[in-house]
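Q: work.pdb (PDB, N, CA and C atoms) pasted underneath:
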ATOM      1  N   MET A 898     102.386 140.777 -39.469
ATOM      2  CA  MET A 898     101.498 139.665 -39.222
ATOM      3  C   MET A 898     101.054 139.703 -37.772
ATOM      4  N   ILE A 899      99.785 139.497 -37.519
ATOM      5  CA  ILE A 899      99.252 139.524 -36.164
ATOM      6  C   ILE A 899      99.168 138.104 -35.641
ATOM      7  N   LYS A 900      99.701 137.907 -34.455
ATOM      8  CA  LYS A 900      99.662 136.601 -33.821
ATOM      9  C   LYS A 900      98.687 136.687 -32.651
ATOM     10  N   THR A 901      97.814 135.706 -32.512
ATOM     11  CA  THR A 901      96.834 135.726 -31.432
ATOM     12  C   THR A 901      97.050 134.541 -30.508
ATOM     13  N   SER A 902      96.460 134.624 -29.327
ATOM     14  CA  SER A 902      96.591 133.549 -28.355
ATOM     15  C   SER A 902      95.283 133.366 -27.616
ATOM     16  N   HIS A 903      94.936 132.126 -27.315
ATOM     17  CA  HIS A 903      93.754 131.811 -26.525
ATOM     18  C   HIS A 903      94.232 131.482 -25.124
ATOM     19  N   LEU A 904      93.721 132.168 -24.106
ATOM     20  CA  LEU A 904      94.234 132.023 -22.755
ATOM     21  C   LEU A 904      93.204 131.487 -21.786
ATOM     22  N   THR A 905      93.683 130.722 -20.833
ATOM     23  CA  THR A 905      92.865 130.299 -19.708
ATOM     24  C   THR A 905      93.700 130.459 -18.450
ATOM     25  N   PRO A 906      93.099 130.877 -17.338
ATOM     26  CA  PRO A 906      93.870 131.071 -16.119
ATOM     27  C   PRO A 906      94.188 129.757 -15.434
ATOM     28  N   LYS A 907      95.186 129.773 -14.567
ATOM     29  CA  LYS A 907      95.515 128.607 -13.752
ATOM     30  C   LYS A 907      94.823 128.769 -12.412
ATOM     31  N   THR A 908      95.126 127.923 -11.460
ATOM     32  CA  THR A 908      94.509 128.038 -10.148
ATOM     33  C   THR A 908      94.989 129.308  -9.463
ATOM     34  N   ALA A 909      94.359 129.656  -8.354
ATOM     35  CA  ALA A 909      94.655 130.915  -7.667
ATOM     36  C   ALA A 909      96.130 131.040  -7.316
ATOM     37  N   THR A 910      96.790 129.935  -6.990
ATOM     38  CA  THR A 910      98.210 130.014  -6.667
ATOM     39  C   THR A 910      99.043 130.368  -7.882
ATOM     40  N   GLY A 911      98.532 130.072  -9.096
ATOM     41  CA  GLY A 911      99.267 130.362 -10.317
ATOM     42  C   GLY A 911      98.935 131.713 -10.919
ATOM     43  N   VAL A 912      97.959 132.424 -10.375
ATOM     44  CA  VAL A 912      97.581 133.721 -10.933
ATOM     45  C   VAL A 912      98.474 134.781 -10.314
ATOM     46  N   ARG A 913      99.577 134.944 -10.969
ATOM     47  CA  ARG A 913     100.547 135.951 -10.562
ATOM     48  C   ARG A 913     100.914 136.719 -11.821
ATOM     49  N   PRO A 914     101.535 137.851 -11.657
ATOM     50  CA  PRO A 914     101.902 138.608 -12.859
ATOM     51  C   PRO A 914     102.724 137.781 -13.843
ATOM     52  N   LEU A 915     103.543 136.864 -13.349
ATOM     53  CA  LEU A 915     104.390 136.080 -14.242
ATOM     54  C   LEU A 915     103.582 135.197 -15.183
ATOM     55  N   GLY A 916     102.366 134.808 -14.795
ATOM     56  CA  GLY A 916     101.532 133.989 -15.661
ATOM     57  C   GLY A 916     101.093 134.722 -16.911
ATOM     58  N   CYS A 917     101.022 136.037 -16.856
ATOM     59  CA  CYS A 917     100.570 136.835 -17.994
ATOM     60  C   CYS A 917     101.729 137.353 -18.840
ATOM     61  N   LEU A 918     102.913 137.361 -18.284
ATOM     62  CA  LEU A 918     104.041 137.966 -18.979
ATOM     63  C   LEU A 918     104.327 137.367 -20.351
ATOM     64  N   PRO A 919     104.432 136.026 -20.483
ATOM     65  CA  PRO A 919     104.762 135.498 -21.816
ATOM     66  C   PRO A 919     103.741 135.870 -22.883
ATOM     67  N   GLN A 920     102.453 135.805 -22.553
ATOM     68  CA  GLN A 920     101.431 136.125 -23.546
ATOM     69  C   GLN A 920     101.499 137.588 -23.947
ATOM     70  N   CYS A 921     101.671 138.466 -22.991
ATOM     71  CA  CYS A 921     101.679 139.897 -23.299
ATOM     72  C   CYS A 921     102.954 140.321 -24.029
ATOM     73  N   ARG A 922     104.055 139.658 -23.764
ATOM     74  CA  ARG A 922     105.298 140.002 -24.447
ATOM     75  C   ARG A 922     105.344 139.444 -25.861
ATOM     76  N   GLU A 923     104.908 138.210 -26.031
ATOM     77  CA  GLU A 923     105.109 137.499 -27.295
ATOM     78  C   GLU A 923     103.982 137.675 -28.304
ATOM     79  N   GLU A 924     102.769 137.955 -27.854
ATOM     80  CA  GLU A 924     101.626 138.021 -28.758
ATOM     81  C   GLU A 924     101.316 139.472 -29.130
ATOM     82  N   ASP A 925     100.854 139.677 -30.359
ATOM     83  CA  ASP A 925     100.437 141.008 -30.787
ATOM     84  C   ASP A 925      99.038 141.337 -30.278
ATOM     85  N   VAL A 926      98.187 140.313 -30.248
ATOM     86  CA  VAL A 926      96.808 140.480 -29.798
ATOM     87  C   VAL A 926      96.498 139.371 -28.799
ATOM     88  N   VAL A 927      95.944 139.734 -27.656
ATOM     89  CA  VAL A 927      95.528 138.763 -26.651
ATOM     90  C   VAL A 927      94.015 138.888 -26.516
ATOM     91  N   VAL A 928      93.310 137.768 -26.709
ATOM     92  CA  VAL A 928      91.851 137.762 -26.664
ATOM     93  C   VAL A 928      91.403 136.804 -25.569
ATOM     94  N   TYR A 929      90.482 137.252 -24.718
ATOM     95  CA  TYR A 929      89.948 136.382 -23.667
ATOM     96  C   TYR A 929      88.440 136.547 -23.586
ATOM     97  N   GLU A 930      87.785 135.511 -23.063
ATOM     98  CA  GLU A 930      86.330 135.546 -22.911
ATOM     99  C   GLU A 930      85.972 136.375 -21.688
ATOM    100  N   ASP A 931      85.032 137.276 -21.846
ATOM    101  CA  ASP A 931      84.573 138.128 -20.760
ATOM    102  C   ASP A 931      83.515 137.366 -19.951
ATOM    103  N   LEU A 932      83.982 136.437 -19.135
ATOM    104  CA  LEU A 932      83.080 135.573 -18.373
ATOM    105  C   LEU A 932      82.446 136.324 -17.211
ATOM    106  N   LYS A 933      81.194 136.035 -16.948
ATOM    107  CA  LYS A 933      80.463 136.646 -15.829
ATOM    108  C   LYS A 933      80.627 135.745 -14.604
ATOM    109  N   ILE A 934      81.661 136.002 -13.833
ATOM    110  CA  ILE A 934      82.024 135.152 -12.699
ATOM    111  C   ILE A 934      80.910 135.118 -11.651
ATOM    112  N   GLN A 935      80.284 136.252 -11.388
ATOM    113  CA  GLN A 935      79.221 136.291 -10.372
ATOM    114  C   GLN A 935      78.078 135.355 -10.727
ATOM    115  N   ASN A 936      77.760 135.245 -11.996
ATOM    116  CA  ASN A 936      76.702 134.325 -12.406
ATOM    117  C   ASN A 936      77.169 132.873 -12.331
ATOM    118  N   MET A 937      78.439 132.644 -12.625
ATOM    119  CA  MET A 937      78.955 131.279 -12.635
ATOM    120  C   MET A 937      79.045 130.681 -11.228
ATOM    121  N   VAL A 938      79.353 131.490 -10.222
ATOM    122  CA  VAL A 938      79.496 130.949  -8.866
ATOM    123  C   VAL A 938      78.145 130.683  -8.210
ATOM    124  N   LYS A 939      77.061 130.997  -8.871
ATOM    125  CA  LYS A 939      75.735 130.655  -8.337
ATOM    126  C   LYS A 939      75.504 129.146  -8.369
ATOM    127  N   ASN A 940      76.260 128.447  -9.196
ATOM    128  CA  ASN A 940      76.212 126.987  -9.222
ATOM    129  C   ASN A 940      77.081 126.505  -8.066
ATOM    130  N   HIS A 941      76.464 126.061  -6.977
ATOM    131  CA  HIS A 941      77.193 125.727  -5.758
ATOM    132  C   HIS A 941      78.135 124.543  -5.931
ATOM    133  N   HIS A 942      77.894 123.701  -6.920
ATOM    134  CA  HIS A 942      78.778 122.568  -7.165
ATOM    135  C   HIS A 942      80.103 123.013  -7.782
ATOM    136  N   LEU A 943      80.090 124.120  -8.495
ATOM    137  CA  LEU A 943      81.289 124.589  -9.178
ATOM    138  C   LEU A 943      81.882 125.851  -8.574
ATOM    139  N   ALA A 944      81.218 126.440  -7.592
ATOM    140  CA  ALA A 944      81.611 127.750  -7.073
ATOM    141  C   ALA A 944      83.056 127.792  -6.587
ATOM    142  N   LYS A 945      83.491 126.807  -5.841
ATOM    143  CA  LYS A 945      84.854 126.823  -5.303
ATOM    144  C   LYS A 945      85.884 126.737  -6.428
ATOM    145  N   SER A 946      85.659 125.856  -7.380
ATOM    146  CA  SER A 946      86.591 125.710  -8.500
ATOM    147  C   SER A 946      86.670 126.987  -9.327
ATOM    148  N   ILE A 947      85.527 127.605  -9.550
ATOM    149  CA  ILE A 947      85.497 128.839 -10.342
ATOM    150  C   ILE A 947      86.193 129.967  -9.588
ATOM    151  N   SER A 948      85.941 130.077  -8.296
ATOM    152  CA  SER A 948      86.571 131.123  -7.492
ATOM    153  C   SER A 948      88.075 130.918  -7.406
ATOM    154  N   ASP A 949      88.514 129.663  -7.300
ATOM    155  CA  ASP A 949      89.942 129.369  -7.203
ATOM    156  C   ASP A 949      90.693 129.695  -8.484
ATOM    157  N   ALA A 950      89.992 129.698  -9.607
ATOM    158  CA  ALA A 950      90.667 129.941 -10.878
ATOM    159  C   ALA A 950      91.228 131.356 -10.965
ATOM    160  N   GLY A 951      90.679 132.312 -10.242
ATOM    161  CA  GLY A 951      91.204 133.671 -10.231
ATOM    162  C   GLY A 951      91.103 134.364 -11.578
ATOM    163  N   TRP A 952      90.016 134.103 -12.292
ATOM    164  CA  TRP A 952      89.858 134.657 -13.646
ATOM    165  C   TRP A 952      89.904 136.183 -13.665
ATOM    166  N   TYR A 953      89.217 136.814 -12.736
ATOM    167  CA  TYR A 953      89.177 138.287 -12.722
ATOM    168  C   TYR A 953      90.580 138.862 -12.551
ATOM    169  N   GLN A 954      91.324 138.341 -11.607
ATOM    170  CA  GLN A 954      92.680 138.847 -11.360
ATOM    171  C   GLN A 954      93.570 138.613 -12.579
ATOM    172  N   PHE A 955      93.411 137.455 -13.208
ATOM    173  CA  PHE A 955      94.183 137.142 -14.408
ATOM    174  C   PHE A 955      93.910 138.168 -15.506
ATOM    175  N   THR A 956      92.638 138.508 -15.719
ATOM    176  CA  THR A 956      92.300 139.469 -16.770
ATOM    177  C   THR A 956      92.817 140.868 -16.433
ATOM    178  N   GLN A 957      92.851 141.201 -15.152
ATOM    179  CA  GLN A 957      93.384 142.508 -14.758
ATOM    180  C   GLN A 957      94.872 142.605 -15.080
ATOM    181  N   TRP A 958      95.613 141.528 -14.820
ATOM    182  CA  TRP A 958      97.038 141.514 -15.163
ATOM    183  C   TRP A 958      97.224 141.589 -16.677
ATOM    184  N   LEU A 959      96.390 140.908 -17.443
ATOM    185  CA  LEU A 959      96.488 140.979 -18.902
ATOM    186  C   LEU A 959      96.315 142.413 -19.389
ATOM    187  N   GLU A 960      95.282 143.082 -18.874
ATOM    188  CA  GLU A 960      95.036 144.475 -19.267
ATOM    189  C   GLU A 960      96.224 145.370 -18.899
ATOM    190  N   TYR A 961      96.759 145.174 -17.712
ATOM    191  CA  TYR A 961      97.874 145.987 -17.226
ATOM    192  C   TYR A 961      99.109 145.819 -18.111
ATOM    193  N   PHE A 962      99.518 144.566 -18.336
ATOM    194  CA  PHE A 962     100.712 144.329 -19.137
ATOM    195  C   PHE A 962     100.484 144.664 -20.605
ATOM    196  N   GLY A 963      99.252 144.541 -21.076
ATOM    197  CA  GLY A 963      98.951 144.961 -22.436
ATOM    198  C   GLY A 963      99.212 146.442 -22.638
ATOM    199  N   LYS A 964      98.869 147.245 -21.650
ATOM    200  CA  LYS A 964      99.130 148.690 -21.727
ATOM    201  C   LYS A 964     100.623 148.987 -21.657
ATOM    202  N   ILE A 965     101.347 148.276 -20.798
ATOM    203  CA  ILE A 965     102.791 148.516 -20.649
ATOM    204  C   ILE A 965     103.531 148.238 -21.958
ATOM    205  N   TRP A 966     103.223 147.105 -22.602
ATOM    206  CA  TRP A 966     103.926 146.719 -23.826
ATOM    207  C   TRP A 966     103.168 147.107 -25.089
ATOM    208  N   ASP A 967     102.175 147.949 -24.959
ATOM    209  CA  ASP A 967     101.418 148.460 -26.098
ATOM    210  C   ASP A 967     100.886 147.316 -26.979
ATOM    211  N   LYS A 968     100.245 146.345 -26.325
ATOM    212  CA  LYS A 968      99.637 145.205 -27.010
ATOM    213  C   LYS A 968      98.126 145.364 -26.961
ATOM    214  N   THR A 969      97.451 144.800 -27.921
ATOM    215  CA  THR A 969      95.998 144.846 -27.965
ATOM    216  C   THR A 969      95.432 143.706 -27.129
ATOM    217  N   VAL A 970      94.632 144.055 -26.122
ATOM    218  CA  VAL A 970      93.973 143.067 -25.274
ATOM    219  C   VAL A 970      92.469 143.245 -25.470
ATOM    220  N   ILE A 971      91.797 142.181 -25.900
ATOM    221  CA  ILE A 971      90.384 142.253 -26.245
ATOM    222  C   ILE A 971      89.606 141.234 -25.424
ATOM    223  N   SER A 972      88.501 141.681 -24.841
ATOM    224  CA  SER A 972      87.586 140.743 -24.188
ATOM    225  C   SER A 972      86.408 140.523 -25.137
ATOM    226  N   VAL A 973      86.047 139.265 -25.335
ATOM    227  CA  VAL A 973      84.956 138.947 -26.252
ATOM    228  C   VAL A 973      83.786 138.348 -25.486
ATOM    229  N   ASN A 974      82.607 138.522 -26.034
ATOM    230  CA  ASN A 974      81.405 137.941 -25.466
ATOM    231  C   ASN A 974      81.541 136.417 -25.530
ATOM    232  N   PRO A 975      81.323 135.713 -24.425
ATOM    233  CA  PRO A 975      81.545 134.262 -24.428
ATOM    234  C   PRO A 975      80.472 133.442 -25.143
ATOM    235  N   HIS A 976      79.384 134.059 -25.558
ATOM    236  CA  HIS A 976      78.322 133.311 -26.217
ATOM    237  C   HIS A 976      78.783 132.748 -27.558
ATOM    238  N   PHE A 977      78.697 131.445 -27.696
ATOM    239  CA  PHE A 977      78.993 130.707 -28.922
ATOM    240  C   PHE A 977      80.457 130.773 -29.353
ATOM    241  N   THR A 978      81.385 131.110 -28.469
ATOM    242  CA  THR A 978      82.790 131.180 -28.875
ATOM    243  C   THR A 978      83.343 129.811 -29.245
ATOM    244  N   SER A 979      82.840 128.748 -28.633
ATOM    245  CA  SER A 979      83.333 127.415 -28.994
ATOM    246  C   SER A 979      82.464 126.756 -30.065
ATOM    247  N   ALA A 980      81.348 127.353 -30.410
ATOM    248  CA  ALA A 980      80.464 126.774 -31.421
ATOM    249  C   ALA A 980      80.664 127.397 -32.797
ATOM    250  N   ASP A 981      81.064 128.653 -32.871
ATOM    251  CA  ASP A 981      81.252 129.326 -34.153
ATOM    252  C   ASP A 981      82.619 128.977 -34.738
ATOM    253  N   CYS A 982      82.632 128.646 -36.008
ATOM    254  CA  CYS A 982      83.882 128.332 -36.691
ATOM    255  C   CYS A 982      84.703 129.613 -36.837
ATOM    256  N   SER A 983      85.977 129.545 -36.461
ATOM    257  CA  SER A 983      86.834 130.724 -36.535
ATOM    258  C   SER A 983      87.212 131.061 -37.973
ATOM    259  N   ASN A 984      87.032 130.130 -38.890
ATOM    260  CA  ASN A 984      87.390 130.359 -40.283
ATOM    261  C   ASN A 984      86.233 130.941 -41.091
ATOM    262  N   CYS A 985      85.057 130.284 -41.021
ATOM    263  CA  CYS A 985      83.937 130.714 -41.871
ATOM    264  C   CYS A 985      82.747 131.269 -41.094
ATOM    265  N   GLY A 986      82.732 131.118 -39.767
ATOM    266  CA  GLY A 986      81.654 131.655 -38.957
ATOM    267  C   GLY A 986      80.448 130.744 -38.811
ATOM    268  N   TYR A 987      80.464 129.582 -39.432
ATOM    269  CA  TYR A 987      79.349 128.639 -39.342
ATOM    270  C   TYR A 987      79.234 128.116 -37.913
ATOM    271  N   ARG A 988      78.017 128.068 -37.383
ATOM    272  CA  ARG A 988      77.794 127.594 -36.018
ATOM    273  C   ARG A 988      77.631 126.082 -36.006
ATOM    274  N   VAL A 989      78.551 125.414 -35.324
ATOM    275  CA  VAL A 989      78.548 123.957 -35.240
ATOM    276  C   VAL A 989      78.071 123.570 -33.847
ATOM    277  N   LYS A 990      76.926 122.887 -33.780
ATOM    278  CA  LYS A 990      76.383 122.467 -32.488
ATOM    279  C   LYS A 990      77.218 121.314 -31.948
ATOM    280  N   LYS A 991      77.528 121.396 -30.639
ATOM    281  CA  LYS A 991      78.345 120.377 -29.982
ATOM    282  C   LYS A 991      77.724 120.014 -28.653
ATOM    283  N   SER A 992      78.015 118.808 -28.189
ATOM    284  CA  SER A 992      77.614 118.426 -26.841
ATOM    285  C   SER A 992      78.686 118.941 -25.876
ATOM    286  N   LEU A 993      78.409 118.911 -24.592
ATOM    287  CA  LEU A 993      79.387 119.388 -23.608
ATOM    288  C   LEU A 993      80.646 118.534 -23.593
ATOM    289  N   SER A 994      80.541 117.296 -24.007
ATOM    290  CA  SER A 994      81.705 116.412 -23.990
ATOM    291  C   SER A 994      82.602 116.581 -25.218
ATOM    292  N   THR A 995      82.148 117.278 -26.244
ATOM    293  CA  THR A 995      82.934 117.477 -27.459
ATOM    294  C   THR A 995      84.012 118.520 -27.213
ATOM    295  N   ARG A 996      85.267 118.141 -27.454
ATOM    296  CA  ARG A 996      86.405 119.026 -27.183
ATOM    297  C   ARG A 996      87.098 119.537 -28.432
ATOM    298  N   THR A 997      86.758 118.995 -29.593
ATOM    299  CA  THR A 997      87.412 119.430 -30.821
ATOM    300  C   THR A 997      86.385 120.045 -31.767
ATOM    301  N   HIS A 998      86.863 120.910 -32.628
ATOM    302  CA  HIS A 998      85.987 121.601 -33.574
ATOM    303  C   HIS A 998      86.225 121.025 -34.970
ATOM    304  N   LYS A 999      85.145 120.574 -35.605
ATOM    305  CA  LYS A 999      85.203 120.096 -36.985
ATOM    306  C   LYS A 999      84.060 120.764 -37.744
ATOM    307  N   CYS A1000      84.408 121.665 -38.608
ATOM    308  CA  CYS A1000      83.395 122.415 -39.356
ATOM    309  C   CYS A1000      83.001 121.637 -40.620
ATOM    310  N   PRO A1001      81.691 121.349 -40.791
ATOM    311  CA  PRO A1001      81.253 120.634 -41.990
ATOM    312  C   PRO A1001      81.288 121.516 -43.242
ATOM    313  N   ARG A1002      81.325 122.834 -43.058
ATOM    314  CA  ARG A1002      81.303 123.746 -44.201
ATOM    315  C   ARG A1002      82.695 123.958 -44.791
ATOM    316  N   CYS A1003      83.665 124.313 -43.966
ATOM    317  CA  CYS A1003      85.012 124.622 -44.497
ATOM    318  C   CYS A1003      86.057 123.561 -44.110
ATOM    319  N   HIS A1004      85.646 122.568 -43.331
ATOM    320  CA  HIS A1004      86.510 121.444 -42.937
ATOM    321  C   HIS A1004      87.705 121.867 -42.094
ATOM    322  N   LEU A1005      87.551 122.919 -41.332
ATOM    323  CA  LEU A1005      88.623 123.354 -40.426
ATOM    324  C   LEU A1005      88.638 122.443 -39.219
TER     325      LEU A1005
END
Written as structure tokens, that's how I'd like the structure from this file.
A:
Amino acid sequence: MIKTSHLTPKTATGVRPLGCLPQCREEDVVVYEDLKIQNMVKNHHLAKSISDAGWYQFTQWLEYFGKIWDKTVISVNPHFTSADCSNCGYRVKKSLSTRTHKCPRCHL
């Protein structure tokens, strides 16, 4: 059975190898969004927060530990990842304030 995990990085102080260890050891497949950080920091209101998150360094550690423990690490295109239903693939339109997914087709 394949177990997957959805990951998000912590602040720059938390982006250390230890932050990636549990996911890489315990999960069979680790999937993360391949975010374009250079494009995201063009928004000057969010640039500091995005830079502090240390996303690039976090993904590098994931790739490294994935190779050590022979785990599958996959980067996915971030387009529509929160809008597409993971069960049936139906695209559910949401506002930015919507945090939960409710699919009208399969009721997931």
Q: When the PyMOL selection byres ((chain A and resi 979-985) around 8) is applied to the structure above, which residues does it catch, written out as a ChimeraX atom specification?
A: /A:975-978,986-991,997-1000,1002-1003,1005
Q: I need the residues of chain A that end up classed as strand (DSSP E) by DSSP on the backbone, written out as a list in words.
A: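 Checking each residue of chain A, the strand (DSSP E) ones are Thr901, Ser902, His903, Val926, Val927, Val928, Tyr929, Glu930, Thr969, Val970, Ile971, Ser972 and Val973 of chain A.
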Q: Taking (87.8, 138.4, -13.5) in the file's own coordinates, collect the residues within 10 Å, counting only C-alpha atoms, and hand them back as a PyMOL selection string.
A: chain A and resi 906+930-935+948+950-958
Q: Hey, what's within 6 Å of Val928 of chain A if we count only C-alpha atoms and toss same-chain stuff fewer than 5 positions away? As number ranges by chain, please?
A: A: 970-972
Q: Taking all atoms listed in the file into account, which of A:Lys939, A:Lys968, A:Arg996, A:Lys945 comes nearest Val927 of chain A?
A: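 Nearest candidate to Val927 of chain A out of A:Lys939, A:Lys968, A:Arg996, A:Lys945: A:Lys968.
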Q: One decimal, Å: what's the distance from atom C of Thr969 of chain A over to atom CA of Asp925 of chain A, could you say?
A: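 Atom CA of Asp925 of chain A lies 6.8 Å from atom C of Thr969 of chain A.
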Q: Using the partial input, fill out segment 966-980 of chain A with N, CA, C and O atoms; write the result as a PDB file, keeping the file's coordinate frame.
A:
ATOM      1  N   TRP A 966     103.223 147.105 -22.602  1.00  0.00           N
ATOM      2  CA  TRP A 966     103.926 146.719 -23.826  1.00  0.00           C
ATOM      3  C   TRP A 966     103.168 147.107 -25.089  1.00  0.00           C
ATOM      4  O   TRP A 966     103.514 146.644 -26.174  1.00  0.00           O
ATOM      5  N   ASP A 967     102.175 147.949 -24.959  1.00  0.00           N
ATOM      6  CA  ASP A 967     101.418 148.460 -26.098  1.00  0.00           C
ATOM      7  C   ASP A 967     100.886 147.316 -26.979  1.00  0.00           C
ATOM      8  O   ASP A 967     101.061 147.302 -28.186  1.00  0.00           O
ATOM      9  N   LYS A 968     100.245 146.345 -26.325  1.00  0.00           N
ATOM     10  CA  LYS A 968      99.637 145.205 -27.010  1.00  0.00           C
ATOM     11  C   LYS A 968      98.126 145.364 -26.961  1.00  0.00           C
ATOM     12  O   LYS A 968      97.575 145.978 -26.064  1.00  0.00           O
ATOM     13  N   THR A 969      97.451 144.800 -27.921  1.00  0.00           N
ATOM     14  CA  THR A 969      95.998 144.846 -27.965  1.00  0.00           C
ATOM     15  C   THR A 969      95.432 143.706 -27.129  1.00  0.00           C
ATOM     16  O   THR A 969      95.751 142.547 -27.368  1.00  0.00           O
ATOM     17  N   VAL A 970      94.632 144.055 -26.122  1.00  0.00           N
ATOM     18  CA  VAL A 970      93.973 143.067 -25.274  1.00  0.00           C
ATOM     19  C   VAL A 970      92.469 143.245 -25.470  1.00  0.00           C
ATOM     20  O   VAL A 970      91.935 144.328 -25.253  1.00  0.00           O
ATOM     21  N   ILE A 971      91.797 142.181 -25.900  1.00  0.00           N
ATOM     22  CA  ILE A 971      90.384 142.253 -26.245  1.00  0.00           C
ATOM     23  C   ILE A 971      89.606 141.234 -25.424  1.00  0.00           C
ATOM     24  O   ILE A 971      89.996 140.071 -25.346  1.00  0.00           O
ATOM     25  N   SER A 972      88.501 141.681 -24.841  1.00  0.00           N
ATOM     26  CA  SER A 972      87.586 140.743 -24.188  1.00  0.00           C
ATOM     27  C   SER A 972      86.408 140.523 -25.137  1.00  0.00           C
ATOM     28  O   SER A 972      85.876 141.469 -25.701  1.00  0.00           O
ATOM     29  N   VAL A 973      86.047 139.265 -25.335  1.00  0.00           N
ATOM     30  CA  VAL A 973      84.956 138.947 -26.252  1.00  0.00           C
ATOM     31  C   VAL A 973      83.786 138.348 -25.486  1.00  0.00           C
ATOM     32  O   VAL A 973      83.957 137.736 -24.433  1.00  0.00           O
ATOM     33  N   ASN A 974      82.607 138.522 -26.034  1.00  0.00           N
ATOM     34  CA  ASN A 974      81.405 137.941 -25.466  1.00  0.00           C
ATOM     35  C   ASN A 974      81.541 136.417 -25.530  1.00  0.00           C
ATOM     36  O   ASN A 974      81.832 135.870 -26.592  1.00  0.00           O
ATOM     37  N   PRO A 975      81.323 135.713 -24.425  1.00  0.00           N
ATOM     38  CA  PRO A 975      81.545 134.262 -24.428  1.00  0.00           C
ATOM     39  C   PRO A 975      80.472 133.442 -25.143  1.00  0.00           C
ATOM     40  O   PRO A 975      80.667 132.247 -25.338  1.00  0.00           O
ATOM     41  N   HIS A 976      79.384 134.059 -25.558  1.00  0.00           N
ATOM     42  CA  HIS A 976      78.322 133.311 -26.217  1.00  0.00           C
ATOM     43  C   HIS A 976      78.783 132.748 -27.558  1.00  0.00           C
ATOM     44  O   HIS A 976      79.242 133.483 -28.424  1.00  0.00           O
ATOM     45  N   PHE A 977      78.697 131.445 -27.696  1.00  0.00           N
ATOM     46  CA  PHE A 977      78.993 130.707 -28.922  1.00  0.00           C
ATOM     47  C   PHE A 977      80.457 130.773 -29.353  1.00  0.00           C
ATOM     48  O   PHE A 977      80.773 130.483 -30.505  1.00  0.00           O
ATOM     49  N   THR A 978      81.385 131.110 -28.469  1.00  0.00           N
ATOM     50  CA  THR A 978      82.790 131.180 -28.875  1.00  0.00           C
ATOM     51  C   THR A 978      83.343 129.811 -29.245  1.00  0.00           C
ATOM     52  O   THR A 978      84.224 129.719 -30.087  1.00  0.00           O
ATOM     53  N   SER A 979      82.840 128.748 -28.633  1.00  0.00           N
ATOM     54  CA  SER A 979      83.333 127.415 -28.994  1.00  0.00           C
ATOM     55  C   SER A 979      82.464 126.756 -30.065  1.00  0.00           C
ATOM     56  O   SER A 979      82.823 125.710 -30.584  1.00  0.00           O
ATOM     57  N   ALA A 980      81.348 127.353 -30.410  1.00  0.00           N
ATOM     58  CA  ALA A 980      80.464 126.774 -31.421  1.00  0.00           C
ATOM     59  C   ALA A 980      80.664 127.397 -32.797  1.00  0.00           C
ATOM     60  O   ALA A 980      80.463 126.733 -33.811  1.00  0.00           O
TER      61      ALA A 980
END
